[in-house]
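Data block below; observations after.
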Amino acid sequence: MVKLLELLIFILLLSPIQMVFSQTSAGGGITTFHGSGTEVNRFGFNAFFEQPQSSVRTVYIRATLLFPQKYEFETTVEAVDLSVQPQKLPVRTVSKTSFFSVDGGNRVYFINDYDFGFALYGGFNFKGILSSFSNEILIPSNVNIDDYQTNTGPSQMSLLVGTGVNAGAKYQLPMRGAITFDVVFELISRMYDPGSILGNEIAPLSLSFNLAYRFDWY
């Protein structure tokens, strides 16, 4: 994950436009995350840093932490040998996934500048996702768990990466700062995914919404 962050920061800093060091912004807000073909919808918070390169172009980096999601469903487990009855036992399974991401990219502002009035913006987006998966089998209290093949174990960590585009709008407040809202559409692929999170709890085609307050320093 550290190497991924270093690569992301390196990409953001590779720009032919002279940085404007006299102004910078930081902020935070709420995030929702949704995927195509999955019923898993996530909610949480984000914090970000945005640096102008000109009056209409910036780069940003954002960290997002979403609440863990739990899902409970019915299944069956099989006995370890023929001496155990019943051979198949109905049980309930609880799966849990976490979500932490770091994303960044560029924003090009239209209609007005980065720090003036109402403006629209858009650009490219890169994301790294760290997610864990755990699975718990709820065995009835009168049943010996060792008699059945539960296939439970420690949490499995997955590292996913996403590329896409961001588009949004911002409104400069009369006081210092602005309200921002953006949508990120991205294609997510796996780098390391032993828990098979991609395609189940996280969709390859995903969409996130970010509403935040941005404070500007001059």
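Residues in the structure tokens are numbered from 1 in each chain, the chains being A, B, ... in the order shown, and ligands are numbered from 1 in the order shown.
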
Would you pick out the contacts of A:Glu201 at 7 Å or less, using only C-alpha atoms, so that residues sharing its chain but fewer than 3 positions from it are not included, and give the list as a list in words? Thr38, Val40, Ile197 and Leu198 of chain A

For the residues selected in the previous step, produce a file with N, CA, C and O atoms as a CSV table (one decimal), in the first residue's frame.
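Resulting contents of result_16.csv:
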chain,number,residue,atom,x,y,z
A,38,THR,N,-24.1,-5.5,-8.0
A,38,THR,CA,-24.0,-5.9,-6.6
A,38,THR,C,-25.0,-5.1,-5.7
A,38,THR,O,-25.2,-3.9,-6.0
A,40,VAL,N,-24.4,-4.4,-2.6
A,40,VAL,CA,-23.6,-3.8,-1.5
A,40,VAL,C,-23.4,-2.3,-1.8
A,40,VAL,O,-22.7,-1.9,-2.7
A,197,ILE,N,-13.1,-10.6,-3.2
A,197,ILE,CA,-13.9,-9.5,-2.9
A,197,ILE,C,-14.4,-8.8,-4.2
A,197,ILE,O,-15.6,-8.4,-4.3
A,198,LEU,N,-13.5,-8.7,-5.1
A,198,LEU,CA,-13.9,-8.1,-6.4
A,198,LEU,C,-14.9,-9.0,-7.1
A,198,LEU,O,-14.6,-10.2,-7.3

Go through stretch 137-218 of chain A residue by residue and, counting only C-alpha atoms, keep those with an atom at most 10 Å from stretch 104-111 of chain A; for each kept residue give the shortest atom pair and its distance in Å to one decimal, ordered by chain and increasing number, as JSON lines.
{"residue": "A:Thr163", "atom": "CA", "partner": "A:Gly105", "partner_atom": "CA", "distance": 9.7}
{"residue": "A:Gly164", "atom": "CA", "partner": "A:Gly105", "partner_atom": "CA", "distance": 9.5}
{"residue": "A:Val165", "atom": "CA", "partner": "A:Gly105", "partner_atom": "CA", "distance": 8.7}
{"residue": "A:Asn166", "atom": "CA", "partner": "A:Arg107", "partner_atom": "CA", "distance": 7.9}
{"residue": "A:Ala167", "atom": "CA", "partner": "A:Arg107", "partner_atom": "CA", "distance": 8.2}
{"residue": "A:Gly168", "atom": "CA", "partner": "A:Arg107", "partner_atom": "CA", "distance": 9.2}
{"residue": "A:Ala169", "atom": "CA", "partner": "A:Tyr109", "partner_atom": "CA", "distance": 8.8}
{"residue": "A:Lys170", "atom": "CA", "partner": "A:Tyr109", "partner_atom": "CA", "distance": 9.3}

Put those residues in a file: N, CA, C and O atoms, as a CSV table (one decimal), in the first residue's frame.
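Resulting contents of out-v5.csv:
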chain,number,residue,atom,x,y,z
A,163,THR,N,-9.1,2.9,-12.0
A,163,THR,CA,-8.8,4.1,-12.8
A,163,THR,C,-10.1,4.5,-13.4
A,163,THR,O,-11.0,3.7,-13.7
A,164,GLY,N,-10.3,5.8,-13.5
A,164,GLY,CA,-11.5,6.4,-14.0
A,164,GLY,C,-11.5,7.9,-14.2
A,164,GLY,O,-10.5,8.5,-14.4
A,165,VAL,N,-12.7,8.4,-14.1
A,165,VAL,CA,-12.8,9.9,-14.3
A,165,VAL,C,-13.7,10.4,-13.2
A,165,VAL,O,-14.5,9.7,-12.6
A,166,ASN,N,-13.4,11.7,-12.9
A,166,ASN,CA,-14.2,12.4,-11.9
A,166,ASN,C,-14.8,13.6,-12.5
A,166,ASN,O,-14.2,14.3,-13.3
A,167,ALA,N,-16.1,14.0,-12.1
A,167,ALA,CA,-16.8,15.2,-12.5
A,167,ALA,C,-17.6,15.7,-11.4
A,167,ALA,O,-18.1,15.0,-10.6
A,168,GLY,N,-17.6,17.0,-11.2
A,168,GLY,CA,-18.3,17.6,-10.1
A,168,GLY,C,-18.5,19.1,-10.2
A,168,GLY,O,-18.3,19.7,-11.3
A,169,ALA,N,-19.0,19.7,-9.1
A,169,ALA,CA,-19.3,21.1,-9.1
A,169,ALA,C,-18.8,21.6,-7.7
A,169,ALA,O,-18.8,20.9,-6.7
A,170,LYS,N,-18.5,22.9,-7.7
A,170,LYS,CA,-18.2,23.6,-6.4
A,170,LYS,C,-18.8,24.9,-6.4
A,170,LYS,O,-19.0,25.6,-7.4

Please provide the set of residues having any atom within 7 Å of A:Gly195, restricted to only C-alpha atoms, with same-chain residues fewer than 2 positions apart removed, written as a ChimeraX atom specification. /A:133,156,158,193,197

What's around A:Gln87 at 6 Å? Count only C-alpha atoms, leave out sequence neighbours fewer than 2 positions away in its own chain, and write the answer as number ranges by chain. A: 78-79, 85

So that I can check the secondary structure, give me every residue of stretch 4-215 of chain A assigned strand (DSSP E or B) by backbone DSSP, as number ranges by chain. A: 24-35, 42-52, 57-79, 88-110, 118-138, 148, 156-172, 178-192, 198, 202, 205-215

Please provide the set of residues having any atom within 12 Å of A:Ile188, restricted to only C-alpha atoms, with same-chain residues fewer than 6 positions apart removed, written as an MDAnalysis selection string. chainID A and resid 35:36 125:129 159:164 197:199 202:207

Give me, as a ChimeraX atom specification, all polymer residues having an atom no more than 9 Å from stretch 174-179 of chain A, counting only C-alpha atoms and skipping those fewer than 4 positions away in the same chain. /A:25,115,117,169-170,211-217

Filtering to all heavy atoms, could you give me those residues as a CSV table (one decimal), in the first residue's frame?
chain,number,residue,atom,x,y,z
A,25,SER,N,-5.6,23.9,-0.4
A,25,SER,CA,-6.9,23.6,0.2
A,25,SER,C,-6.9,22.2,0.8
A,25,SER,O,-6.1,21.3,0.4
A,25,SER,CB,-8.0,23.7,-0.9
A,25,SER,OG,-8.1,24.9,-1.4
A,115,ASP,N,-11.1,29.0,-7.3
A,115,ASP,CA,-11.4,29.7,-6.0
A,115,ASP,C,-12.4,30.9,-6.2
A,115,ASP,O,-12.4,31.8,-5.4
A,115,ASP,CB,-10.2,30.2,-5.3
A,115,ASP,CG,-9.4,31.2,-6.2
A,115,ASP,OD1,-9.7,31.4,-7.3
A,115,ASP,OD2,-8.4,31.8,-5.6
A,117,GLY,N,-16.6,31.8,-7.2
A,117,GLY,CA,-18.0,31.5,-7.6
A,117,GLY,C,-18.3,30.1,-7.8
A,117,GLY,O,-17.8,29.2,-7.2
A,169,ALA,N,-19.0,19.7,-9.1
A,169,ALA,CA,-19.3,21.1,-9.1
A,169,ALA,C,-18.8,21.6,-7.7
A,169,ALA,O,-18.8,20.9,-6.7
A,169,ALA,CB,-20.8,21.4,-9.3
A,170,LYS,N,-18.5,22.9,-7.7
A,170,LYS,CA,-18.2,23.6,-6.4
A,170,LYS,C,-18.8,24.9,-6.4
A,170,LYS,O,-19.0,25.6,-7.4
A,170,LYS,CB,-16.7,23.6,-6.2
A,170,LYS,CG,-15.9,24.6,-7.1
A,170,LYS,CD,-15.7,25.9,-6.5
A,170,LYS,CE,-15.1,26.9,-7.5
A,170,LYS,NZ,-14.9,28.2,-7.0
A,211,LEU,N,-19.4,14.4,-1.1
A,211,LEU,CA,-19.9,15.8,-0.7
A,211,LEU,C,-19.0,16.3,0.4
A,211,LEU,O,-18.8,15.6,1.4
A,211,LEU,CB,-21.3,15.7,-0.3
A,211,LEU,CG,-21.9,17.1,0.3
A,211,LEU,CD1,-22.0,18.1,-0.9
A,211,LEU,CD2,-23.3,16.8,0.9
A,212,ALA,N,-18.4,17.5,0.2
A,212,ALA,CA,-17.4,17.9,1.2
A,212,ALA,C,-17.3,19.4,1.3
A,212,ALA,O,-17.8,20.2,0.4
A,212,ALA,CB,-16.0,17.4,0.8
A,213,TYR,N,-16.7,19.9,2.4
A,213,TYR,CA,-16.4,21.3,2.6
A,213,TYR,C,-14.9,21.4,2.4
A,213,TYR,O,-14.1,20.6,2.9
A,213,TYR,CB,-16.7,21.7,4.0
A,213,TYR,CG,-16.1,23.1,4.4
A,213,TYR,CD1,-16.6,24.3,3.8
A,213,TYR,CD2,-15.0,23.2,5.2
A,213,TYR,CE1,-16.1,25.5,4.1
A,213,TYR,CE2,-14.5,24.4,5.5
A,213,TYR,CZ,-15.0,25.6,4.9
A,213,TYR,OH,-14.4,26.8,5.2
A,214,ARG,N,-14.5,22.4,1.6
A,214,ARG,CA,-13.1,22.7,1.3
A,214,ARG,C,-12.7,24.0,1.8
A,214,ARG,O,-13.3,25.0,1.6
A,214,ARG,CB,-12.9,22.7,-0.3
A,214,ARG,CG,-11.5,22.7,-0.7
A,214,ARG,CD,-11.4,23.0,-2.2
A,214,ARG,NE,-11.7,24.4,-2.5
A,214,ARG,CZ,-11.9,24.9,-3.8
A,214,ARG,NH1,-11.8,24.0,-4.8
A,214,ARG,NH2,-12.1,26.1,-4.0
A,215,PHE,N,-11.6,24.0,2.7
A,215,PHE,CA,-11.1,25.2,3.3
A,215,PHE,C,-9.9,25.6,2.5
A,215,PHE,O,-9.0,24.8,2.2
A,215,PHE,CB,-10.7,25.0,4.7
A,215,PHE,CG,-10.2,26.2,5.4
A,215,PHE,CD1,-11.2,27.2,5.9
A,215,PHE,CD2,-8.9,26.5,5.6
A,215,PHE,CE1,-10.7,28.3,6.5
A,215,PHE,CE2,-8.5,27.6,6.2
A,215,PHE,CZ,-9.4,28.6,6.7
A,216,ASP,N,-9.8,26.9,2.1
A,216,ASP,CA,-8.7,27.4,1.3
A,216,ASP,C,-7.8,28.3,2.1
A,216,ASP,O,-8.2,29.2,2.8
A,216,ASP,CB,-9.3,28.2,0.1
A,216,ASP,CG,-10.3,27.4,-0.7
A,216,ASP,OD1,-10.0,26.3,-0.9
A,216,ASP,OD2,-11.3,28.0,-1.2
A,217,TRP,N,-6.5,28.1,1.9
A,217,TRP,CA,-5.5,28.9,2.5
A,217,TRP,C,-4.8,29.8,1.4
A,217,TRP,O,-4.5,29.3,0.3
A,217,TRP,CB,-4.4,28.1,3.2
A,217,TRP,CG,-4.7,27.5,4.5
A,217,TRP,CD1,-4.7,28.1,5.7
A,217,TRP,CD2,-5.2,26.2,4.7
A,217,TRP,NE1,-5.1,27.3,6.7
A,217,TRP,CE2,-5.5,26.1,6.1
A,217,TRP,CE3,-5.5,25.1,3.9
A,217,TRP,CZ2,-6.0,24.9,6.6
A,217,TRP,CZ3,-6.0,23.9,4.4
A,217,TRP,CH2,-6.2,23.9,5.8

Non-local contacts of stretch 90-95 of chain A (6 Å; only C-alpha atoms; under 3 positions in same chain excluded) as a PDB file with N, CA, C and O atoms, in the first residue's frame:
ATOM      1  N   LYS A  70     -21.906  -5.892   6.778  1.00  0.00           N
ATOM      2  CA  LYS A  70     -22.181  -7.272   7.176  1.00  0.00           C
ATOM      3  C   LYS A  70     -23.398  -7.786   6.414  1.00  0.00           C
ATOM      4  O   LYS A  70     -24.389  -7.062   6.259  1.00  0.00           O
ATOM      5  N   TYR A  71     -23.296  -9.037   5.973  1.00  0.00           N
ATOM      6  CA  TYR A  71     -24.416  -9.676   5.285  1.00  0.00           C
ATOM      7  C   TYR A  71     -24.610 -11.074   5.842  1.00  0.00           C
ATOM      8  O   TYR A  71     -23.651 -11.821   6.009  1.00  0.00           O
ATOM      9  N   GLU A  72     -25.865 -11.400   6.128  1.00  0.00           N
ATOM     10  CA  GLU A  72     -26.209 -12.679   6.736  1.00  0.00           C
ATOM     11  C   GLU A  72     -27.078 -13.476   5.767  1.00  0.00           C
ATOM     12  O   GLU A  72     -28.032 -12.937   5.192  1.00  0.00           O
ATOM     13  N   PHE A  73     -26.742 -14.735   5.560  1.00  0.00           N
ATOM     14  CA  PHE A  73     -27.508 -15.569   4.640  1.00  0.00           C
ATOM     15  C   PHE A  73     -27.479 -17.018   5.119  1.00  0.00           C
ATOM     16  O   PHE A  73     -26.652 -17.401   5.952  1.00  0.00           O
ATOM     17  N   GLU A  74     -28.402 -17.817   4.587  1.00  0.00           N
ATOM     18  CA  GLU A  74     -28.519 -19.215   4.975  1.00  0.00           C
ATOM     19  C   GLU A  74     -27.735 -20.110   4.022  1.00  0.00           C
ATOM     20  O   GLU A  74     -27.701 -19.877   2.816  1.00  0.00           O
ATOM     21  N   THR A  75     -27.104 -21.145   4.587  1.00  0.00           N
ATOM     22  CA  THR A  75     -26.374 -22.125   3.800  1.00  0.00           C
ATOM     23  C   THR A  75     -26.348 -23.440   4.566  1.00  0.00           C
ATOM     24  O   THR A  75     -27.040 -23.578   5.586  1.00  0.00           O
ATOM     25  N   THR A  76     -25.597 -24.414   4.087  1.00  0.00           N
ATOM     26  CA  THR A  76     -25.445 -25.688   4.789  1.00  0.00           C
ATOM     27  C   THR A  76     -23.962 -26.026   4.885  1.00  0.00           C
ATOM     28  O   THR A  76     -23.161 -25.613   4.042  1.00  0.00           O
ATOM     29  N   SER A 134     -14.043 -11.348   6.044  1.00  0.00           N
ATOM     30  CA  SER A 134     -14.113 -12.399   7.057  1.00  0.00           C
ATOM     31  C   SER A 134     -15.464 -13.086   6.957  1.00  0.00           C
ATOM     32  O   SER A 134     -16.452 -12.479   6.529  1.00  0.00           O
ATOM     33  N   ASN A 135     -15.499 -14.348   7.358  1.00  0.00           N
ATOM     34  CA  ASN A 135     -16.701 -15.161   7.224  1.00  0.00           C
ATOM     35  C   ASN A 135     -16.921 -15.934   8.520  1.00  0.00           C
ATOM     36  O   ASN A 135     -16.027 -16.625   8.990  1.00  0.00           O
ATOM     37  N   GLU A 136     -18.103 -15.800   9.119  1.00  0.00           N
ATOM     38  CA  GLU A 136     -18.418 -16.476  10.381  1.00  0.00           C
ATOM     39  C   GLU A 136     -19.628 -17.382  10.202  1.00  0.00           C
ATOM     40  O   GLU A 136     -20.660 -16.960   9.677  1.00  0.00           O
ATOM     41  N   ILE A 137     -19.494 -18.641  10.623  1.00  0.00           N
ATOM     42  CA  ILE A 137     -20.590 -19.598  10.572  1.00  0.00           C
ATOM     43  C   ILE A 137     -21.264 -19.646  11.941  1.00  0.00           C
ATOM     44  O   ILE A 137     -20.599 -19.868  12.960  1.00  0.00           O
ATOM     45  N   LEU A 138     -22.575 -19.436  11.964  1.00  0.00           N
ATOM     46  CA  LEU A 138     -23.324 -19.463  13.225  1.00  0.00           C
ATOM     47  C   LEU A 138     -23.868 -20.870  13.438  1.00  0.00           C
ATOM     48  O   LEU A 138     -24.887 -21.255  12.858  1.00  0.00           O
TER      49      LEU A 138
END

For each of A:Ser98, A:Gln23, A:Phe124, A:Ile145, take the minimum atom-to-atom distance to A:Leu187, counting only C-alpha atoms, then give the residue where this is smallest.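 Smallest separation from A:Leu187 among the options: A:Phe124.
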